[in-house]
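Student: Structure file start_8.txt (compact mmCIF, C-alpha atoms) is given on the next line.
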# COMPACT_ATOMS: atom_id res chain seq x y z
CA MET R 19 -17.98 13.06 22.60
CA ASN R 20 -21.26 12.76 20.70
CA ASP R 21 -20.41 15.53 18.22
CA ARG R 22 -17.42 13.77 16.68
CA GLU R 23 -17.40 13.74 12.88
CA SER R 24 -17.78 10.31 11.32
CA VAL R 25 -15.08 8.95 9.01
CA ALA R 26 -15.45 5.65 7.19
CA ILE R 27 -12.52 3.22 7.23
CA VAL R 28 -12.49 0.63 4.43
CA VAL R 29 -10.44 -2.55 4.95
CA PRO R 30 -10.13 -5.50 2.54
CA THR R 31 -9.89 -8.74 4.53
CA PHE R 32 -9.06 -12.34 3.80
CA ASN R 33 -8.23 -14.93 6.48
CA GLY R 34 -7.01 -12.19 8.77
CA ALA R 35 -8.15 -13.63 12.11
CA LYS R 36 -4.64 -13.26 13.54
CA GLU R 37 -4.35 -9.63 12.44
CA VAL R 38 -7.65 -7.75 12.41
CA SER R 39 -8.05 -7.52 16.18
CA ARG R 40 -4.86 -5.46 16.47
CA LEU R 41 -6.13 -3.14 13.75
CA LEU R 42 -9.59 -2.80 15.31
CA ASP R 43 -8.13 -2.17 18.77
CA ALA R 44 -5.98 0.65 17.42
CA ILE R 45 -8.92 2.18 15.55
CA ALA R 46 -11.15 2.00 18.63
CA ALA R 47 -8.48 3.82 20.66
CA GLN R 48 -8.54 6.91 18.46
CA GLU R 49 -9.16 10.24 20.16
CA GLY R 50 -10.01 13.67 18.80
CA ARG R 51 -12.65 15.08 16.52
CA PHE R 52 -13.22 12.05 14.28
CA ARG R 53 -15.30 8.95 14.99
CA PRO R 54 -14.24 5.94 12.90
CA SER R 55 -16.75 3.56 11.31
CA VAL R 56 -15.24 0.42 9.78
CA ILE R 57 -16.38 -1.34 6.60
CA ALA R 58 -14.66 -4.62 5.69
CA ILE R 59 -14.58 -6.11 2.19
CA ASP R 60 -14.13 -9.82 2.80
CA SER R 61 -13.01 -12.18 0.04
CA GLY R 62 -14.33 -15.44 1.47
CA SER R 63 -12.41 -15.80 4.73
CA ALA R 64 -12.62 -19.27 6.28
CA ASP R 65 -10.72 -18.71 9.53
CA GLY R 66 -13.25 -16.79 11.62
CA THR R 67 -12.31 -13.34 10.34
CA VAL R 68 -15.91 -12.43 9.55
CA SER R 69 -17.12 -13.45 13.01
CA ILE R 70 -14.44 -11.33 14.65
CA LEU R 71 -15.37 -8.35 12.51
CA GLN R 72 -19.08 -8.67 13.14
CA SER R 73 -18.57 -9.09 16.90
CA ARG R 74 -16.76 -5.74 16.86
CA GLY R 75 -19.59 -3.95 15.04
CA VAL R 76 -17.87 -3.89 11.65
CA ARG R 77 -20.04 -3.85 8.56
CA VAL R 78 -18.89 -6.72 6.33
CA LEU R 79 -19.40 -6.68 2.57
CA PRO R 80 -18.68 -10.10 1.02
CA VAL R 81 -17.11 -10.01 -2.42
CA GLY R 82 -16.71 -13.77 -2.79
CA ALA R 83 -13.66 -15.97 -2.92
CA GLY R 84 -11.54 -16.17 -6.04
CA ARG R 85 -9.62 -13.69 -8.13
CA PHE R 86 -9.36 -10.37 -6.33
CA ASN R 87 -9.13 -6.93 -7.95
CA HIS R 88 -7.87 -4.20 -5.62
CA GLY R 89 -9.49 -1.30 -7.45
CA VAL R 90 -12.88 -2.91 -8.02
CA ALA R 91 -13.22 -4.18 -4.44
CA ARG R 92 -12.42 -0.81 -2.91
CA ASN R 93 -14.82 0.96 -5.25
CA CYS R 94 -17.62 -1.43 -4.26
CA ALA R 95 -17.12 -0.60 -0.59
CA LEU R 96 -16.77 3.14 -1.19
CA GLU R 97 -20.12 3.23 -2.97
CA SER R 98 -21.77 2.77 0.43
CA VAL R 99 -19.78 5.54 2.16
CA ALA R 100 -21.70 8.68 3.11
CA THR R 101 -18.93 10.53 4.97
CA PRO R 102 -16.93 13.34 3.27
CA PHE R 103 -13.70 11.40 3.67
CA ALA R 104 -12.81 7.72 3.66
CA VAL R 105 -9.73 6.03 5.04
CA LEU R 106 -8.33 3.04 3.15
CA MET R 107 -6.39 0.45 5.16
CA VAL R 108 -5.14 -3.12 4.94
CA GLN R 109 -5.84 -5.76 7.56
CA ASP R 110 -2.25 -6.08 8.77
CA ALA R 111 -1.48 -2.38 9.23
CA VAL R 112 -1.63 -1.09 12.81
CA PRO R 113 -2.16 2.63 13.53
CA VAL R 114 0.33 4.07 16.01
CA GLY R 115 -1.00 6.28 18.77
CA PRO R 116 -4.44 7.73 19.57
CA HIS R 117 -4.17 10.68 17.14
CA TRP R 118 -3.34 8.78 13.95
CA LEU R 119 -6.80 9.34 12.45
CA GLU R 120 -6.87 13.03 13.27
CA ALA R 121 -3.43 13.56 11.74
CA LEU R 122 -4.47 11.75 8.56
CA VAL R 123 -7.83 13.48 8.01
CA THR R 124 -7.22 17.06 9.23
CA PRO R 125 -5.15 18.20 6.20
CA LEU R 126 -8.13 17.45 3.95
CA LEU R 127 -10.31 19.74 6.04
CA GLU R 128 -7.73 22.51 5.97
CA ASP R 129 -6.84 22.37 2.26
CA ALA R 130 -9.62 21.90 -0.29
CA SER R 131 -7.08 21.27 -3.07
CA LEU R 132 -6.07 17.95 -1.53
CA ALA R 133 -7.62 14.83 -3.02
CA GLY R 134 -5.94 12.54 -0.52
CA THR R 135 -3.39 12.01 2.19
CA TRP R 136 -1.26 9.01 3.05
CA ALA R 137 0.53 7.89 6.17
CA ARG R 138 4.09 7.10 7.12
CA GLN R 139 4.86 3.38 7.47
CA LEU R 140 7.20 1.76 9.98
CA PRO R 141 8.09 -1.94 10.11
CA HIS R 142 6.64 -4.17 12.82
CA GLU R 143 8.81 -4.80 15.87
CA GLU R 144 9.57 -8.36 14.74
CA ALA R 145 10.72 -7.28 11.25
CA SER R 146 13.97 -8.68 9.89
CA LEU R 147 17.02 -6.51 9.28
CA ILE R 148 16.48 -6.77 5.53
CA THR R 149 12.91 -5.51 5.90
CA ARG R 150 14.10 -2.65 8.11
CA TYR R 151 16.83 -1.74 5.62
CA TYR R 152 14.45 -1.39 2.67
CA HIS R 153 11.79 0.35 4.74
CA SER R 154 14.28 2.99 5.82
CA ARG R 155 15.08 3.82 2.18
CA TRP R 156 11.48 4.01 0.98
CA ILE R 157 9.73 7.32 0.36
CA GLY R 158 6.85 6.23 2.60
CA SER R 159 9.06 6.04 5.69
CA ALA R 160 10.29 9.64 5.50
CA THR R 161 9.81 12.06 8.38
CA ALA R 162 9.24 15.23 6.34
CA PRO R 163 5.76 16.16 5.04
CA ARG R 164 5.40 16.42 1.29
CA ILE R 165 2.77 17.69 -1.16
CA ALA R 166 2.61 16.65 -4.82
CA GLY R 167 0.78 18.26 -7.72
CA PRO R 168 -1.14 19.39 -9.48
CA LEU R 169 0.43 18.30 -12.76
CA THR R 170 -0.54 18.90 -16.35
CA SER R 171 -0.38 15.87 -18.59
CA ALA R 172 2.42 17.55 -20.53
CA ALA R 173 4.43 18.14 -17.35
CA PHE R 174 3.88 14.54 -16.27
CA GLU R 175 4.98 13.12 -19.62
CA GLY R 176 8.04 15.36 -19.56
CA LEU R 177 9.37 13.77 -16.38
CA PRO R 178 11.81 10.83 -16.44
CA PRO R 179 10.11 7.53 -15.51
CA ALA R 180 11.58 7.41 -11.99
CA GLU R 181 10.32 10.94 -11.26
CA ARG R 182 6.86 10.12 -12.62
CA HIS R 183 6.74 7.22 -10.19
CA ALA R 184 8.00 9.32 -7.27
CA VAL R 185 5.57 12.19 -7.76
CA CYS R 186 2.65 9.72 -7.84
CA ALA R 187 3.64 8.04 -4.57
CA PHE R 188 0.45 7.16 -2.71
CA ASP R 189 -0.31 4.02 -0.73
CA ASN R 190 -3.63 2.48 0.25
CA VAL R 191 -1.93 0.58 3.05
CA CYS R 192 -3.07 3.72 4.88
CA SER R 193 -4.56 6.65 3.03
CA CYS R 194 -7.50 9.02 3.24
CA ILE R 195 -9.40 10.26 0.19
CA ARG R 196 -11.87 13.05 -0.44
CA MET R 197 -15.07 11.32 -1.48
CA SER R 198 -16.16 14.10 -3.85
CA VAL R 199 -12.95 13.55 -5.84
CA TRP R 200 -13.38 9.78 -5.75
CA ARG R 201 -16.88 10.09 -7.21
CA GLU R 202 -15.38 11.85 -10.23
CA HIS R 203 -12.32 9.61 -10.33
CA PRO R 204 -12.94 6.16 -8.82
CA PHE R 205 -10.07 3.74 -8.47
CA PRO R 206 -9.11 2.04 -11.74
CA ALA R 207 -9.96 -1.63 -12.11
CA ALA R 208 -6.41 -2.65 -11.32
CA PRO R 209 -5.11 -5.98 -10.04
CA PHE R 210 -2.30 -4.14 -8.26
CA GLY R 211 -1.17 -0.54 -7.82
CA GLU R 212 -4.64 1.01 -7.95
CA ASP R 213 -3.38 3.66 -5.52
CA ILE R 214 -0.50 5.02 -7.60
CA GLU R 215 -2.58 4.92 -10.77
CA TRP R 216 -5.34 6.87 -9.00
CA ALA R 217 -2.69 9.35 -7.85
CA SER R 218 -1.54 9.94 -11.43
CA ILE R 219 -5.17 10.54 -12.48
CA VAL R 220 -6.13 13.01 -9.75
CA LEU R 221 -2.85 14.94 -9.95
CA ARG R 222 -3.42 15.52 -13.66
CA ALA R 223 -7.04 16.48 -12.93
CA GLY R 224 -5.82 19.48 -10.92
CA HIS R 225 -5.71 18.06 -7.38
CA ARG R 226 -2.90 17.59 -4.89
CA LEU R 227 -1.82 14.76 -2.59
CA ALA R 228 -0.13 15.05 0.80
CA PHE R 229 2.21 12.69 2.59
CA VAL R 230 1.51 13.07 6.32
CA PRO R 231 4.32 11.61 8.46
CA ASP R 232 2.51 12.51 11.69
CA ALA R 233 0.01 9.76 10.82
CA VAL R 234 1.95 6.54 11.37
CA VAL R 235 1.12 2.88 10.88
CA GLN R 236 3.19 -0.22 11.42
CA HIS R 237 3.19 -2.43 8.35
CA SER R 238 5.71 -4.93 7.02
CA HIS R 239 5.93 -8.51 5.80
CA GLU R 240 8.27 -11.50 5.90
CA ARG R 241 6.81 -13.28 2.90
CA PRO R 242 8.11 -16.40 1.14
CA VAL R 243 10.58 -15.88 -1.69
CA SER R 244 8.18 -17.36 -4.26
CA TYR R 245 5.48 -14.86 -3.27
CA GLU R 246 7.92 -11.95 -3.46
CA LEU R 247 8.93 -12.97 -6.97
CA ARG R 248 5.31 -13.04 -8.17
CA ARG R 249 4.45 -9.78 -6.43
CA THR R 250 7.54 -7.94 -7.69
CA ARG R 251 6.93 -9.16 -11.23
CA LEU R 252 3.35 -7.91 -11.19
CA ALA R 253 4.28 -4.61 -9.54
CA HIS R 254 6.97 -3.82 -12.09
CA ALA R 255 4.75 -4.77 -15.00
CA ARG R 256 2.33 -2.15 -13.71
CA LEU R 257 5.08 0.41 -13.07
CA HIS R 258 6.35 0.01 -16.60
CA ARG R 259 2.88 0.41 -18.07
CA LEU R 260 2.02 3.44 -15.95
CA PHE R 261 5.34 5.29 -15.92
CA GLY R 262 7.65 3.62 -18.41
CA LEU R 263 9.83 2.55 -15.47
CA SER R 264 12.31 -0.27 -16.04
CA THR R 265 14.68 -0.63 -13.09
CA VAL R 266 16.40 -3.78 -14.43
CA PRO R 267 16.22 -3.30 -18.20
CA SER R 268 18.52 -6.06 -19.49
CA THR R 269 20.02 -9.43 -18.62
CA ALA R 270 23.37 -7.72 -18.01
CA ALA R 271 21.69 -5.32 -15.56
CA LEU R 272 19.98 -8.30 -13.93
CA ALA R 273 23.30 -10.07 -13.38
CA ARG R 274 24.85 -6.94 -11.87
CA SER R 275 21.87 -6.32 -9.62
CA VAL R 276 21.83 -9.89 -8.30
CA ALA R 277 25.56 -9.79 -7.58
CA VAL R 278 25.31 -6.54 -5.61
CA THR R 279 22.16 -7.59 -3.78
CA VAL R 280 23.55 -10.97 -2.73
CA LEU R 281 26.43 -9.28 -0.91
CA LEU R 282 24.16 -6.73 0.77
CA HIS R 283 21.60 -9.31 1.86
CA PHE R 284 24.19 -11.70 3.22
CA ARG R 285 25.77 -8.94 5.30
CA LEU R 286 22.40 -7.94 6.75
CA ALA R 287 21.13 -11.45 7.44
CA ALA R 288 24.40 -12.47 9.08
CA GLN R 289 23.68 -9.88 11.78
CA GLU R 290 20.42 -11.57 12.82
CA PRO R 291 20.34 -13.33 16.23
CA GLY R 292 21.82 -16.82 16.17
CA SER R 293 18.49 -18.57 16.63
CA ARG R 294 17.17 -17.27 13.32
CA ARG R 295 20.37 -16.48 11.42
CA GLY R 296 20.45 -19.61 9.25
CA ARG R 297 16.90 -19.21 8.01
CA ALA R 298 17.41 -15.47 7.56
CA ILE R 299 20.47 -16.02 5.35
CA ALA R 300 18.67 -18.57 3.17
CA ARG R 301 15.70 -16.24 2.67
CA ALA R 302 17.97 -13.24 2.11
CA LEU R 303 19.86 -14.97 -0.69
CA GLY R 304 16.59 -16.06 -2.27
CA LEU R 305 15.29 -12.49 -2.22
CA ALA R 306 18.56 -11.27 -3.73
CA VAL R 307 17.57 -13.18 -6.85
CA ALA R 308 13.78 -12.86 -6.67
CA TRP R 309 13.57 -9.09 -6.41
CA PRO R 310 15.86 -8.17 -9.34
CA LEU R 311 14.42 -11.02 -11.43
CA GLY R 312 10.87 -9.86 -10.71
CA GLN R 313 11.77 -6.33 -11.78
CA TYR R 314 13.31 -7.56 -15.02
CA LEU R 315 10.45 -9.95 -15.86
CA GLY R 316 7.76 -7.42 -14.95
CA ALA R 317 8.98 -4.75 -17.38
CA ARG R 318 9.41 -7.44 -20.03
CA ASP R 319 5.81 -8.58 -19.45
CA SER R 320 4.58 -5.01 -19.89
CA ARG R 321 6.48 -4.53 -23.13
CA ALA R 322 4.87 -7.75 -24.40
CA GLY R 323 1.40 -6.69 -23.24
CA ARG R 324 1.17 -9.43 -20.61
CA ILE R 325 -0.45 -7.73 -17.60
CA PRO R 326 -3.37 -9.65 -16.03
CA ASP R 327 -6.66 -7.91 -15.25
CA SER R 328 -6.92 -9.76 -11.94
CA VAL R 329 -4.66 -11.90 -9.82
CA GLU R 330 -5.00 -14.42 -7.06
CA GLY R 331 -2.98 -14.37 -3.88
CA VAL R 332 -1.10 -11.11 -4.35
Translate the structure described by the file into structure tokens.
Tutor:
Amino acid sequence: MNDRESVAIVVPTFNGAKEVSRLLDAIAAQEGRFRPSVIAIDSGSADGTVSILQSRGVRVLPVGAGRFNHGVARNCALESVATPFAVLMVQDAVPVGPHWLEALVTPLLEDASLAGTWARQLPHEEASLITRYYHSRWIGSATAPRIAGPLTSAAFEGLPPAERHAVCAFDNVCSCIRMSVWREHPFPAAPFGEDIEWASIVLRAGHRLAFVPDAVVQHSHERPVSYELRRTRLAHARLHRLFGLSTVPSTAALARSVAVTVLLHFRLAAQEPGSRRGRAIARALGLAVAWPLGQYLGARDSRAGRIPDSVEGV
């Protein structure tokens, strides 16, 4: 089909040689009215990622190695986009099925009030039982479509912190934005959580956002405990600053949360196949401490004004 409408797909990459081919294969397999064109923002990959991208016809924009800012990098790539809509992805997300792109973009054509859409996420086939458990309870794994906004600033401030966070749910693991809205409201220069902060801005500017469960990607991680602690701490510092959210507000709450989570994680990890059960239990118990501790420390960092402008490795 030569009359397919072009849609830009922006993907930050870094040492993703083992992952980007799966993503590019799934993008190339898309059918329907939209023709994808991929732009990669590479942060100094040294494992052949850039060569793989270029061999597949991907336009690569180098941003240099070092401290990475999610909002700034995406804005730099979006400045070169000429299509009415742009899809934002990550290198280790894999679209499911040949109509993922059409499902993600079509609502924006049909409803001019929408500033963006975002996709449902499922864990990868090899995901652990702990990963599957938390995925199943996350708002981004739901099967029902949902539209948020618009919100006045007064209405937003009147919501409890948890509801502020929920109404601004939006995830650049796989999203699609209206470029005319982005030009008025680019992503904030955020080291983390640029997507939910952008959501809070555009909702209060009179736009709406749609969760589109018919657009599905596989995306999950089995990261080291130390990484999860750093990431959770940063995420909850941002959540506290943006929404006033403090999920583990005190040392007493931290102790209770760790105790409950240890039992849950042990029960889940003990159900893993025998060949990986021992390692799964060790990681599960580490996460049972890291996740609540990261939530507690993150909100404490925010209250003390300790939120970095950029981070490395998260």
Student: What gap, in Å, lies between atom CA of Arg51 of chain R and atom CA of Glu23 of chain R?
Tutor: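 Taking atom CA of Arg51 of chain R and atom CA of Glu23 of chain R, their separation equals 6.1 Å.
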Student: Val38 of chain R: which residues within 12 Å, counting only C-alpha atoms, same-chain residues fewer than 4 positions away excluded, as a VMD selection string?
Tutor: chain R and resid 29 to 34 42 to 45 56 58 60 65 to 74 76 107 to 113
Student: Would you mind listing what lies within 10 Å of Arg301 of chain R as a list in words, with all atoms listed in the file counted and same-chain residues fewer than 2 positions away left out?
Tutor: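 The residues that qualify are Ile148, Glu240, Arg241, Pro242, Val243, His283, Phe284, Ala287, Arg295, Gly296, Arg297, Ala298, Ile299, Leu303, Gly304, Leu305 and Ala306 of chain R.
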Student: Could you tell me which of R:Val25, R:Phe174, R:Val235, R:Leu252 comes closest to Arg40 of chain R if we count all atoms listed in the file?
Tutor: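 Checking each candidate against Arg40 of chain R, we get R:Val235 as the closest.
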Student: Atom CA of Ala173 of chain R and atom CA of Val199 of chain R, how far apart in Å?
Tutor: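 According to the coordinates, atom CA of Val199 of chain R and atom CA of Ala173 of chain R are separated by 21.3 Å.
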Student: If you measure from atom CA of Phe229 of chain R to atom CA of Gly262 of chain R, what distance in Å do you get, rounded to one decimal?
Tutor: 23.5 Å
Student: Which is closest to Tyr152 of chain R among R:Ser268, R:Ser238, R:Ser24, R:Thr170, if we use all atoms listed in the file?
Tutor: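 When distances to Tyr152 of chain R are compared using all atoms listed in the file, the smallest one comes from R:Ser238.
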Student: Compile the contact shell of Arg92 of chain R as an MDAnalysis selection string: residues with an atom at most 8 Å away, counting all atoms listed in the file, same-chain residues fewer than 6 positions apart removed.
Tutor: chainID R and resid 28 30 59 205
Student: Quick one: residues within 8 Å of His117 of chain R, all atoms listed in the file counted, chain neighbours fewer than 2 positions away excluded, as a list in words?
Tutor: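 Within the cut-off, the hits are Gln48, Glu49, Gly50, Gly115, Leu119, Glu120, Ala121 and Ala233 of chain R.
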Student: Please give the centre and size of the box around segment 134-151 of chain R (axis-aligned, containing every atom listed in the file, 4 Å added per side), with values in Å to one decimal and written as JSON.
Tutor:
{"center_x": 5.5, "center_y": 1.9, "center_z": 7.7, "size_x": 31.0, "size_y": 29.2, "size_z": 24.4}
Student: As a PDB file with C-alpha atoms, in the frame of the given file, please: the residues near Pro141 of chain R (cut-off 8 Å, only C-alpha atoms, same-chain neighbours under 5 positions excluded).
Tutor:
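So part13.pdb came out as:
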ATOM      1  CA  THR R 149      12.910  -5.510   5.900  1.00  0.00           C
ATOM      2  CA  ARG R 150      14.100  -2.650   8.110  1.00  0.00           C
ATOM      3  CA  HIS R 153      11.790   0.350   4.740  1.00  0.00           C
ATOM      4  CA  GLN R 236       3.190  -0.220  11.420  1.00  0.00           C
ATOM      5  CA  HIS R 237       3.190  -2.430   8.350  1.00  0.00           C
ATOM      6  CA  SER R 238       5.710  -4.930   7.020  1.00  0.00           C
TER       7      SER R 238
END
Student: Please determine, counting all atoms listed in the file, which residue among R:Pro179, R:Pro310, R:Pro116, R:Pro291 has the shortest atom-to-atom distance to Ala273 of chain R.
Tutor: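 Closest residue, counting all atoms listed in the file: R:Pro310.
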Student: Which one is closest to Asp232 of chain R: R:Ile157, R:Ile214, R:Ala162, R:Val276? Count only C-alpha atoms.
Tutor: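 For Asp232 of chain R, the nearest of the candidates is R:Ala162.
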Student: Under the rule that only C-alpha atoms are counted, which of R:Ser63, R:Ser154, R:Gln313, R:Asn190 is the nearest residue to Val266 of chain R?
Tutor: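 Comparing R:Ser63, R:Ser154, R:Gln313, R:Asn190 against Val266 of chain R, the winner is R:Gln313.
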Student: Choose the residue, out of R:Ala322, R:Leu127, R:Ala180, R:Ala308, that has the smallest atom-to-atom separation from Ser244 of chain R; count only C-alpha atoms.
Tutor: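 For Ser244 of chain R, the nearest of the candidates is R:Ala308.
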Student: Within 8 Å of (-10.7, -4.7, -8.3) in the file's own coordinates, which protein, DNA or RNA residues have an atom, counting all atoms listed in the file? List them as a list in words.
Tutor: Phe86, Asn87, His88, Gly89, Val90, Ala91, Arg92, Asn93, Pro206, Ala207, Ala208, Pro209 and Ser328 of chain R
